[in-house]
Structure formats: C-alpha cells, structure tokens
2 protein chains.
Amino acid sequence: MKQSSDCSSLQLTTTQWALSEAETVCQQRGVRLTELRRRVLEIIWNHSSPLGAYAILDVLRNDGRQGAPPTVYRALDFLLEQGFIHRLASLNVFTGCRQPGAHHSGQFLICRDCGQVDELSNLTVDAALRAEAMARDFEVSAQTVEVLGRCLMCRNEASHHAN
Amino acid sequence: MKQSSDCSSLQLTTTQWALSEAETVCQQRGVRLTELRRRVLEIIWNHSSPLGAYAILDVLRNDGRQGAPPTVYRALDFLLEQGFIHRLASLNVFTGCRQPGAHHSGQFLICRDCGQVDELSNLTVDAALRAEAMARDFEVSAQTVEVLGRCLMCRNEASHHAN
DNA sequence: TAACAATTGTTATTCTATAACATAACATGA
DNA sequence: TCATGTTATGTTATAGAATAACAATTGTTA
C-alpha cells in the first residue's frame, strides 16, 4: 500500500504539499509535470478561492510569460486528468484537489460570498447516487455535486453590516 | 393541501401538462406567463433532451420571431425563478422541471451520448448534503447534483456497433 | 544527428452570458 | 380617457469561457 503523506503532519504550506504530491504522482505515472503545469497548479493552490481560467492566465502574464487561453486550458486539462484539481461546473472555476491523483469526482460546499470551497467525501451521497443510477441501468462516469450557500464567516459579516 | 395534477393520469402530452401547470402556478403567484415565456417553456418540453440557450434562440427565430440572446436568457431566468425549469451546470443546458413551482434544486442523471435526463428526488442525498453543511455551519441555498454517464439504450447501441 | 513524439505558442473562432439603453405593452389612478 | 409608472421585450455591443487549427519548440530515442 502506498503511504500518502498528510498536509497537516509536515512543516509545509498546503501549496508546497500539493506540488510535492503532484511531483511524486507524476513520477510514478511517467508523465511530466512541466514548468507551466507546475506553475498553474501553484497559482491555483496559492489563491484562497477557486480561480477561473482567465484569472490564471492573468497571473501567468504577470509572471512575464506569454500566453493565450489554450496555454492555460491545456495545463488545466492535464491537471484534471491527473486528478490534481477539480473543476466546479456551477462557477466555471478550478480548485486544488485534497486527494491528488485519486481520480475522484468530489463534493463541494461553495460560499457564494467569499468563494471559499470545502471539499467533502461523503460516502452516503456517493452510494445513494450510485444506487439510483444502478436502479435505472445507468452507468456512472462522473458526479458533479456542488452545494452553493454561505459560510459562517460571511453570514456573520453580513449580519454585522446590517446593524 | 393543494392537489397537484399528475402527468400520467391525464390525456395530455407532457408538454401540455407542463404548460398548464405553469399557467396555474403563475396565476396563483400573480406573475405573467407571457407568450414568449410560454413558448420558451414549450420549446424546452418539446425537445427530448435539454437545450442550450442558443438552440432555443434558433427555434424562436424559426418561429419568425425576432430575437437576440437577452430575449432567451430573460425568459429562462423567469422560468428558473418560478421553478419551471432547471439549468444543468455541467452542460450549460436547460430542462423542464417535473415538479413545477416547487423551487427545489433537483438531482439529475445525464446521458452523455443521447443527452437524455432523468430527474431524481433522492432524500438521502439531500439530507446527507444538508447534514454535512450544517456540521460546517454552512447555510445552503442551492444544490447542484448532476451524474454524468450512459443510459442503457446508449450502452446497447455502442456494444452493438462494436460487433 | 535524424526522426519522432510531446509540449507550448499563436491566431482565429465558437459558444455562453450579460450590460446598457431604447421601445413597447400593460396596469392603475386621476 | 389619458397621463403615469411598471413590467416586458427589442437591440446593439461586449464580456467571459472554451476550443480548433496550425506553427514552432522542446524532449526523447534510435
């Protein structure tokens, strides 16, 4: 069994942890985490909330790198394929995956105010959806589970400003 | 308790049923199901699979009606607000709601081959997501639950062509 | 080094969605 | 009925998201 390192047990930022995990997985799989791909992954993890493709492109251009949309989308496609990031369909944004390389679909709580995302792995949800699919002879290839709402901090903010 | 009519118990097409339900709900709410809104709802229900906004626009233009994107999007916004249709975020398409007016989020099985959609109302999924949210002090405003895959018919098609 | 594959650069285009303002239809009270 | 305000639609332009197609570059391997 592969022993996966845990973010909290090391003296690393989450970004550093994510990058080194990605390096490891890529080596194991014989695929290349190029400078560009690495940088895009870093940009995503450095940001507190998920980023859109064009926001990532802006950062790349700030780096001094030349680039057009395909540059970003190709890197994103790679990172998605390898399971290093997730795409949130309801917002057209990308966020780092907490179980890199696992190729899972993921479930998300998304705050519509601050944009922060909480990634869940609720087996009940997953199992219930698979059961529904099976009952209908439906072959599942991907799940999109995104819960939009407001986090505690933003609710407190809002009620505070209301006074 | 309001007695809601059921599609299968009447000699109506599903489209006719959906339109008359919408009429009723609009009257109850004092909002207007205008010719345009009614027609957009009809277009969506008449089609076997969900439609994108621009596909709907094409149909409207075929009707001879003049129109630009905002024409369609405003009608869609109204229908979404009233709970007569759903938007499938993973495909950027719109599909008729089987419980019109209920303002629920819905759960969907979407066949990536034929595009057909099955709308679920799985309480376990809903409850599990709400529980996760509550545990994190997260206030839910909408759920996006979309399962992408292949329906039985399309799987049979595929294996048949493979021979 | 030659040849091939994988990656990135570049230009253009398609698809999705909204901003902003003009016009038309509807409702309401004087 | 007409003046007024509101709601809905028409219209033009643009923003935002994603991909097609081809060129140039880099990496790898025989």
# chains A, B, ... in the order shown; residues from 1 in each chain; ligands from 1

$ residues_around --residues "segment 112-122 of chain A" --least-positions-apart "5" --cutoff "7 Å" --atoms "only C-alpha atoms (C1' of nucleotides)" --output "list in words"
Ser48, Ser49, Pro50, Gly106, Gln107, Leu148, Gly149, Arg150 and Cys154 of chain A

$ closest_atom_pairs --of "chain D" --to "chain A" --cutoff "10 Å" --atoms "only C-alpha atoms (C1' of nucleotides)" --output "tab-separated table"
residue	atom	partner	partner_atom	distance
D:DG16	C1'	A:Tyr54	CA	8.5
D:DA17	C1'	A:Asn92	CA	7.8
D:DA18	C1'	A:Tyr73	CA	8.1
D:DT19	C1'	A:Pro70	CA	7.9

$ interface_residues --of "chain C" --to "chain B" --cutoff "12 Å" --atoms "only C-alpha atoms (C1' of nucleotides)" --output "ChimeraX atom specification"
/C:14-20,25-26

$ select_by_dssp --residues "chain B" --states "strand (DSSP E)" --output "PyMOL selection string"
chain B and resi 85-88+93-96+107-111+117-120+139-150

$ atom_distance --atom1 "atom CA of Leu152 of chain B" --atom2 "atom CA of Ile43 of chain B"
26.0 Å

$ interface_residues --of "chain B" --to "chain A" --cutoff "12 Å" --atoms "only C-alpha atoms" --output "count of residues only"
57

$ select_by_dssp --residues "segment 92-145 of chain B" --states "helix (DSSP H, G or I)" --output "VMD selection string"
chain B and resid 123 to 135

$ write_last_selection --atoms "C-alpha atoms" --output "PDB file, in the first residue's frame"
ATOM      1  CA  LEU B 123     -33.963  12.418   0.023  1.00  0.00           C
ATOM      2  CA  THR B 124     -30.896  10.573   1.295  1.00  0.00           C
ATOM      3  CA  VAL B 125     -28.624  12.627  -0.925  1.00  0.00           C
ATOM      4  CA  ASP B 126     -30.365  15.823   0.024  1.00  0.00           C
ATOM      5  CA  ALA B 127     -30.280  15.036   3.748  1.00  0.00           C
ATOM      6  CA  ALA B 128     -26.655  13.921   3.703  1.00  0.00           C
ATOM      7  CA  LEU B 129     -25.580  17.115   1.976  1.00  0.00           C
ATOM      8  CA  ARG B 130     -27.588  19.233   4.391  1.00  0.00           C
ATOM      9  CA  ALA B 131     -26.060  17.397   7.327  1.00  0.00           C
ATOM     10  CA  GLU B 132     -22.555  17.998   6.018  1.00  0.00           C
ATOM     11  CA  ALA B 133     -23.381  21.639   5.509  1.00  0.00           C
ATOM     12  CA  MET B 134     -24.859  22.021   8.963  1.00  0.00           C
ATOM     13  CA  ALA B 135     -21.846  20.378  10.553  1.00  0.00           C
TER      14      ALA B 135
END

$ atom_distance --atom1 "atom CA of Thr15 of chain B" --atom2 "atom CA of Cys97 of chain B"
11.0 Å

$ residues_around --residues "DA23 of chain D" --least-positions-apart "2" --cutoff "10 Å" --atoms "only C-alpha atoms (C1' of nucleotides)" --output "list in words"
DG9 and DT10 of chain C; DA21 and DT25 of chain D

$ write_last_selection --atoms "N, CA, C and O atoms (P, O5', C5', C4', C3', O3' and C1' of nucleotides)" --output "mmCIF file, in the first residue's frame"
data_model
loop_
_atom_site.group_PDB
_atom_site.id
_atom_site.type_symbol
_atom_site.label_atom_id
_atom_site.label_comp_id
_atom_site.auth_asym_id
_atom_site.auth_seq_id
_atom_site.Cartn_x
_atom_site.Cartn_y
_atom_site.Cartn_z
ATOM 1 P P DG C 9 4.221 28.714 -23.991
ATOM 2 O "O5'" DG C 9 4.071 29.051 -25.549
ATOM 3 C "C5'" DG C 9 5.257 29.189 -26.338
ATOM 4 C "C4'" DG C 9 4.921 29.773 -27.705
ATOM 5 C "C3'" DG C 9 4.069 31.038 -27.693
ATOM 6 O "O3'" DG C 9 4.596 31.936 -28.669
ATOM 7 C "C1'" DG C 9 2.973 29.364 -28.973
ATOM 8 P P DT C 10 4.039 33.403 -28.796
ATOM 9 O "O5'" DT C 10 2.867 33.244 -29.848
ATOM 10 C "C5'" DT C 10 3.144 32.647 -31.113
ATOM 11 C "C4'" DT C 10 1.901 32.672 -32.000
ATOM 12 C "C3'" DT C 10 0.957 33.850 -31.745
ATOM 13 O "O3'" DT C 10 0.855 34.583 -32.952
ATOM 14 C "C1'" DT C 10 -0.235 31.795 -31.896
ATOM 15 P P DA D 21 -10.551 21.645 -36.541
ATOM 16 O "O5'" DA D 21 -9.272 22.472 -37.006
ATOM 17 C "C5'" DA D 21 -9.419 23.868 -37.302
ATOM 18 C "C4'" DA D 21 -8.064 24.438 -37.640
ATOM 19 C "C3'" DA D 21 -7.062 23.406 -38.178
ATOM 20 O "O3'" DA D 21 -6.357 23.987 -39.246
ATOM 21 C "C1'" DA D 21 -6.153 24.508 -36.321
ATOM 22 P P DT D 25 10.949 28.498 -33.215
ATOM 23 O "O5'" DT D 25 11.032 27.613 -31.898
ATOM 24 C "C5'" DT D 25 10.164 27.920 -30.801
ATOM 25 C "C4'" DT D 25 10.064 26.722 -29.894
ATOM 26 C "C3'" DT D 25 11.409 26.104 -29.497
ATOM 27 O "O3'" DT D 25 11.589 26.328 -28.106
ATOM 28 C "C1'" DT D 25 9.755 24.459 -29.966
#

$ residues_around --residues "Gly83 of chain A" --least-positions-apart "2" --cutoff "6 Å" --atoms "only C-alpha atoms (C1' of nucleotides)" --output "list in words"
Leu80, Glu81, Ile85, Pro100, Gly101, Ala102 and His103 of chain A

$ residues_around --residues "DA3 of chain C" --least-positions-apart "4" --cutoff "12 Å" --atoms "only C-alpha atoms (C1' of nucleotides)" --output "ChimeraX atom specification"
/D:28-30

$ residues_around --residues "Ala75 of chain B" --least-positions-apart "3" --cutoff "12 Å" --atoms "only C-alpha atoms (C1' of nucleotides)" --output "ChimeraX atom specification"
/B:32-44,53,56-57,60,67-72,78-82,84-85,94 /D:8-9

$ write_last_selection --atoms "N, CA, C and O atoms (P, O5', C5', C4', C3', O3' and C1' of nucleotides)" --output "compact mmCIF listing (two decimals), in the first residue's frame"
# COMPACT_ATOMS: atom_id res chain seq x y z
N ARG B 32 -46.79 36.85 -14.68
CA ARG B 32 -47.32 36.68 -16.03
C ARG B 32 -46.54 35.67 -16.85
O ARG B 32 -45.36 35.84 -17.10
N LEU B 33 -47.23 34.63 -17.29
CA LEU B 33 -46.63 33.70 -18.25
C LEU B 33 -46.91 34.26 -19.64
O LEU B 33 -47.88 33.87 -20.29
N THR B 34 -46.06 35.14 -20.07
CA THR B 34 -46.27 35.80 -21.36
C THR B 34 -46.12 34.82 -22.51
O THR B 34 -45.64 33.70 -22.33
N GLU B 35 -46.51 35.29 -23.68
CA GLU B 35 -46.38 34.48 -24.89
C GLU B 35 -44.95 33.95 -25.06
O GLU B 35 -44.73 32.77 -25.30
N LEU B 36 -43.98 34.85 -24.90
CA LEU B 36 -42.57 34.46 -25.07
C LEU B 36 -42.16 33.41 -24.04
O LEU B 36 -41.57 32.38 -24.38
N ARG B 37 -42.46 33.65 -22.79
CA ARG B 37 -42.07 32.73 -21.72
C ARG B 37 -42.72 31.37 -21.92
O ARG B 37 -42.10 30.32 -21.75
N ARG B 38 -44.00 31.43 -22.28
CA ARG B 38 -44.74 30.21 -22.53
C ARG B 38 -44.12 29.43 -23.69
O ARG B 38 -43.94 28.21 -23.61
N ARG B 39 -43.74 30.14 -24.73
CA ARG B 39 -43.17 29.50 -25.91
C ARG B 39 -41.81 28.86 -25.60
O ARG B 39 -41.52 27.75 -26.04
N VAL B 40 -41.00 29.55 -24.80
CA VAL B 40 -39.70 29.00 -24.43
C VAL B 40 -39.87 27.73 -23.61
O VAL B 40 -39.20 26.72 -23.84
N LEU B 41 -40.82 27.77 -22.69
CA LEU B 41 -41.09 26.58 -21.89
C LEU B 41 -41.55 25.43 -22.78
O LEU B 41 -41.13 24.28 -22.61
N GLU B 42 -42.38 25.76 -23.75
CA GLU B 42 -42.88 24.76 -24.68
C GLU B 42 -41.74 24.16 -25.50
O GLU B 42 -41.67 22.94 -25.69
N ILE B 43 -40.84 25.00 -25.98
CA ILE B 43 -39.70 24.53 -26.77
C ILE B 43 -38.86 23.55 -25.96
O ILE B 43 -38.48 22.49 -26.44
N ILE B 44 -38.63 23.90 -24.70
CA ILE B 44 -37.83 23.04 -23.84
C ILE B 44 -38.51 21.68 -23.63
O ILE B 44 -37.88 20.63 -23.73
N ALA B 53 -29.23 27.69 -24.55
CA ALA B 53 -29.94 28.94 -24.80
C ALA B 53 -29.96 29.30 -26.28
O ALA B 53 -30.97 29.77 -26.81
N ILE B 56 -32.40 27.25 -28.30
CA ILE B 56 -33.75 27.77 -28.10
C ILE B 56 -33.96 29.01 -28.95
O ILE B 56 -35.00 29.20 -29.59
N LEU B 57 -32.93 29.85 -28.99
CA LEU B 57 -32.99 31.06 -29.81
C LEU B 57 -33.22 30.72 -31.28
O LEU B 57 -34.02 31.37 -31.97
N LEU B 60 -36.82 29.94 -31.81
CA LEU B 60 -37.61 31.17 -31.79
C LEU B 60 -37.51 31.89 -33.13
O LEU B 60 -38.50 32.40 -33.66
N GLY B 67 -35.24 38.19 -32.34
CA GLY B 67 -34.73 37.90 -31.01
C GLY B 67 -33.22 37.89 -30.96
O GLY B 67 -32.54 37.59 -31.93
N ALA B 68 -32.72 38.21 -29.81
CA ALA B 68 -31.29 38.19 -29.53
C ALA B 68 -31.10 37.42 -28.24
O ALA B 68 -32.09 37.11 -27.55
N PRO B 69 -29.86 37.10 -27.87
CA PRO B 69 -29.64 36.32 -26.65
C PRO B 69 -30.42 36.81 -25.43
O PRO B 69 -31.04 35.99 -24.75
N PRO B 70 -30.42 38.11 -25.15
CA PRO B 70 -31.15 38.54 -23.93
C PRO B 70 -32.61 38.12 -23.93
O PRO B 70 -33.17 37.86 -22.86
N THR B 71 -33.22 38.07 -25.10
CA THR B 71 -34.60 37.63 -25.18
C THR B 71 -34.77 36.27 -24.53
O THR B 71 -35.66 36.05 -23.71
N VAL B 72 -33.90 35.36 -24.92
CA VAL B 72 -33.98 34.00 -24.39
C VAL B 72 -33.59 33.94 -22.92
O VAL B 72 -34.29 33.35 -22.11
N PHE B 78 -36.78 33.90 -15.86
CA PHE B 78 -38.12 33.85 -15.29
C PHE B 78 -38.53 32.41 -14.98
O PHE B 78 -38.98 32.10 -13.86
N LEU B 79 -38.33 31.53 -15.94
CA LEU B 79 -38.74 30.13 -15.77
C LEU B 79 -37.94 29.46 -14.65
O LEU B 79 -38.47 28.64 -13.90
N LEU B 80 -36.68 29.84 -14.52
CA LEU B 80 -35.86 29.31 -13.42
C LEU B 80 -36.37 29.81 -12.07
O LEU B 80 -36.52 29.04 -11.13
N GLU B 81 -36.64 31.10 -12.02
CA GLU B 81 -37.14 31.70 -10.77
C GLU B 81 -38.43 31.04 -10.31
O GLU B 81 -38.63 30.80 -9.12
N GLN B 82 -39.30 30.77 -11.25
CA GLN B 82 -40.58 30.18 -10.91
C GLN B 82 -40.48 28.68 -10.67
O GLN B 82 -41.45 28.04 -10.29
N PHE B 84 -39.88 26.36 -13.03
CA PHE B 84 -40.46 25.57 -14.12
C PHE B 84 -39.40 24.82 -14.92
O PHE B 84 -39.71 23.88 -15.64
N ILE B 85 -38.19 25.26 -14.81
CA ILE B 85 -37.09 24.57 -15.50
C ILE B 85 -35.88 24.49 -14.56
O ILE B 85 -35.82 25.19 -13.54
N PHE B 94 -30.76 23.60 -20.44
CA PHE B 94 -31.95 23.79 -19.63
C PHE B 94 -32.94 22.67 -19.90
O PHE B 94 -33.09 22.23 -21.04
P DA D 8 -42.73 41.28 -15.75
O5' DA D 8 -42.51 41.48 -17.32
C5' DA D 8 -43.64 41.52 -18.18
C4' DA D 8 -43.18 41.77 -19.59
C3' DA D 8 -42.08 40.83 -20.10
O3' DA D 8 -42.58 40.18 -21.25
C1' DA D 8 -41.55 43.09 -20.57
P DT D 9 -41.67 39.20 -22.06
O5' DT D 9 -41.06 40.12 -23.20
C5' DT D 9 -41.92 40.71 -24.17
C4' DT D 9 -41.12 41.62 -25.08
C3' DT D 9 -40.01 40.93 -25.87
O3' DT D 9 -40.26 41.12 -27.25
C1' DT D 9 -39.24 42.94 -24.89

$ atom_distance --atom1 "atom C1' of DA27 of chain C" --atom2 "atom C1' of DG5 of chain D"
8.9 Å
